[in-house]
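See below for the structure under consideration.
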Amino acid sequence: MVSLQKSIKDGFELITIANNTLSFTVVPAIGAKIISLKSMLTGREWLEQPQGAHAFLKQPNYGESFVNGFDCGGWDECFPSINGEQYALPALRHVLIPDHGELWCLPWQVTEIVESSNFISLTLRCVGKQLPYVFTRTLTLAADANHIDIQYQLTNNSDYQLPFVWSMHPIFAAEKGMTIALSTVINRFKTDSGFKAFFNTDAITAQWPYKKQQQGKWIDLDKVLAPDSHFSCKLYSDDLSTDAIKNQSIEVALVEPPSASGAYQQRCGFRYDSHDISHFGLWLNYRGWSGSDQPPAYVVGLEPCLGGADSLNEAIKRDDYYFINPNSKRNWSVQCFIV
């Protein structure tokens, strides 16, 4: 059985699709943000939920800071840059890309809902405000499935190439002892300043899984650290679409911590093909960073992405970015599972 329900929260329409295994809830008017991703078998809500002053849904103004007011959990989409910056195309240098891109701060339209006894699919579309593109995402849940099939389509309606980076931005609620389980081909990351400061290293890359002795204790980064570690970093994998490892099936997941009873450890994450999606971003924030006046969060971000940097301009310098040709479409797909 699979069902679709519409409801209202804080004045915004919510669309919830559920079967006996999982459910998810979308807010079309707020960047098609997915505010809930829940196991129907255990009741676990996998996505971080907003707290305190951020507990209410609100409409962002275009160009507002994402991190100072809207970085409060859930699942957003980031495009054409994650960093707020001047757009990279010389003809469009006057365009200032908002923090975390355009998609999260624009309303999306529901363009199609298909309901049957076997599956339900929801298609939403966002039209670029400053750039000539259309971004479409279709979410499909089958009645007997333990995963959501997600189809993306990017359309360039201009006569010139549009460079971009894209990233899913699902923010998961962390729990000490969870495991971050990644396919073995994801075995090296570019480090950032947070990683270097915490581990007192100048290394620009780190092997995965990363382990280091710190103050007499071994730290394993594939295990979620305690919130009092105050560790935060954003890591990008090597390009997974190179000749050596292209056409690989990639899986990234967060796994529940082991219980004293030895109960089954549920896992939630994503599957995708490396020829479709080139990189994986890993955001770890164990109460180590906040971009607002709110306390730092305790979260993990598992982020399939196209391009290998938060900044489109930096990704272009590294030749680690993507583009869409004039008057063309680009498609890719991801599965989100709870097993």
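Chains: A, B, ... in order of the structure tokens. Residues: from 1 per chain. Ligands: from 1, in order shown.
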Considering only C-alpha atoms, return as an NGL selection string whatever protein or nucleic-acid residues lie within 9 Å of Asn247 of chain A, sequence-local ones (same chain, fewer than 4 positions apart) excluded. :A and (240-241 or 243 or 273-276)
With all heavy atoms kept, could you save the residues just selected as a short mmCIF file (atom, residue, chain, number, x, y, z; two decimals), in the first residue's frame?
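The new file part36.cif reads:
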```cif
data_model
loop_
_atom_site.label_atom_id
_atom_site.label_comp_id
_atom_site.auth_asym_id
_atom_site.auth_seq_id
_atom_site.Cartn_x
_atom_site.Cartn_y
_atom_site.Cartn_z
N LEU A 240 34.81 10.35 -8.78
CA LEU A 240 34.44 8.94 -8.87
C LEU A 240 34.07 8.52 -10.28
O LEU A 240 33.73 7.36 -10.52
CB LEU A 240 33.26 8.64 -7.93
CG LEU A 240 33.47 9.03 -6.46
CD1 LEU A 240 32.19 8.85 -5.68
CD2 LEU A 240 34.60 8.20 -5.84
N SER A 241 34.15 9.47 -11.23
CA SER A 241 33.74 9.17 -12.61
C SER A 241 34.94 9.00 -13.54
O SER A 241 34.77 8.97 -14.76
CB SER A 241 32.84 10.29 -13.14
OG SER A 241 33.52 11.53 -13.22
N ASP A 243 38.23 7.16 -15.41
CA ASP A 243 38.28 5.89 -16.14
C ASP A 243 38.54 4.70 -15.22
O ASP A 243 38.02 3.61 -15.44
CB ASP A 243 39.36 5.94 -17.22
CG ASP A 243 38.95 6.80 -18.40
OD1 ASP A 243 37.73 7.05 -18.55
OD2 ASP A 243 39.83 7.23 -19.17
N ASP A 273 25.08 5.79 -9.42
CA ASP A 273 26.15 5.31 -10.30
C ASP A 273 27.17 6.42 -10.52
O ASP A 273 26.81 7.58 -10.72
CB ASP A 273 25.59 4.86 -11.64
CG ASP A 273 24.75 3.61 -11.53
OD1 ASP A 273 25.07 2.77 -10.66
OD2 ASP A 273 23.78 3.47 -12.30
N SER A 274 28.44 6.05 -10.52
CA SER A 274 29.50 7.07 -10.63
C SER A 274 29.54 7.71 -12.02
O SER A 274 30.06 8.81 -12.16
CB SER A 274 30.86 6.46 -10.29
OG SER A 274 31.19 5.42 -11.19
N HIS A 275 28.98 7.06 -13.04
CA HIS A 275 28.93 7.71 -14.35
C HIS A 275 27.86 8.80 -14.37
O HIS A 275 27.88 9.69 -15.21
CB HIS A 275 28.68 6.70 -15.47
CG HIS A 275 27.27 6.19 -15.53
ND1 HIS A 275 26.87 5.07 -14.85
CD2 HIS A 275 26.17 6.66 -16.16
CE1 HIS A 275 25.60 4.86 -15.07
NE2 HIS A 275 25.13 5.80 -15.86
N ASP A 276 26.93 8.73 -13.42
CA ASP A 276 25.85 9.72 -13.29
C ASP A 276 26.26 10.89 -12.39
O ASP A 276 25.99 12.04 -12.70
CB ASP A 276 24.64 9.03 -12.64
CG ASP A 276 23.43 9.00 -13.54
OD1 ASP A 276 23.54 9.41 -14.71
OD2 ASP A 276 22.36 8.55 -13.08
#
```
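Proximity to Phe270 of chain A was assessed for A:Phe189, A:Phe337, A:Trp46, A:Phe172 counting only C-alpha atoms; the smallest distance is recorded for A:Phe337.
DSSP annotation of segment 102-276 of chain A from backbone atoms: helix (DSSP H, G or I) residues are Leu103, Trp104, Cys105, Ser193, Gly194, Phe195, Lys196, Ala197, Phe198, Phe199, Pro227, Asp228 and Ser229 of chain A.
Of the residues listed (A:Leu225, A:Leu122, A:Met1, A:Ala91), A:Leu122 shows the shortest atom-to-atom separation from Ile150 of chain A; distances use only C-alpha atoms.
If you measure from each of A:Asp159, A:Asp99, A:Glu45, A:Glu77 to Thr136 of chain A using only C-alpha atoms, the closest one turns out to be A:Glu77.
You can rank A:Pro50, A:Pro209, A:Pro326, A:Pro257 by their closest distance to Asp71 of chain A using only C-alpha atoms, and at the top of that list sits A:Pro50.
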Just the residues within 9 Å of Ala174 of chain A, please, counting only C-alpha atoms, with nothing from its chain fewer than 6 positions along; format it as a list in words. Trp46, Leu47, Glu48, Val224, Leu225, Pro227, Leu254, Asn285, Tyr286, Tyr298, Val299 and Val300 of chain A
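Take the candidates A:Thr242, A:Thr25, A:Gln51, A:Gln335 and check each one against His279 of chain A using only C-alpha atoms; the shortest distance goes to A:Thr242.
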Counting only C-alpha atoms, figure out which residue out of A:Ala263, A:Ser167, A:Gly216, A:Ser193 gets nearest to Ile277 of chain A. A:Ser167
Mind checking which residues fall within 6 Å of segment 26-36 of chain A, counting only C-alpha atoms, ignoring those fewer than 3 positions away in the same chain, and posting them as a PyMOL selection string? chain A and resi 14-15+74-76+103-108
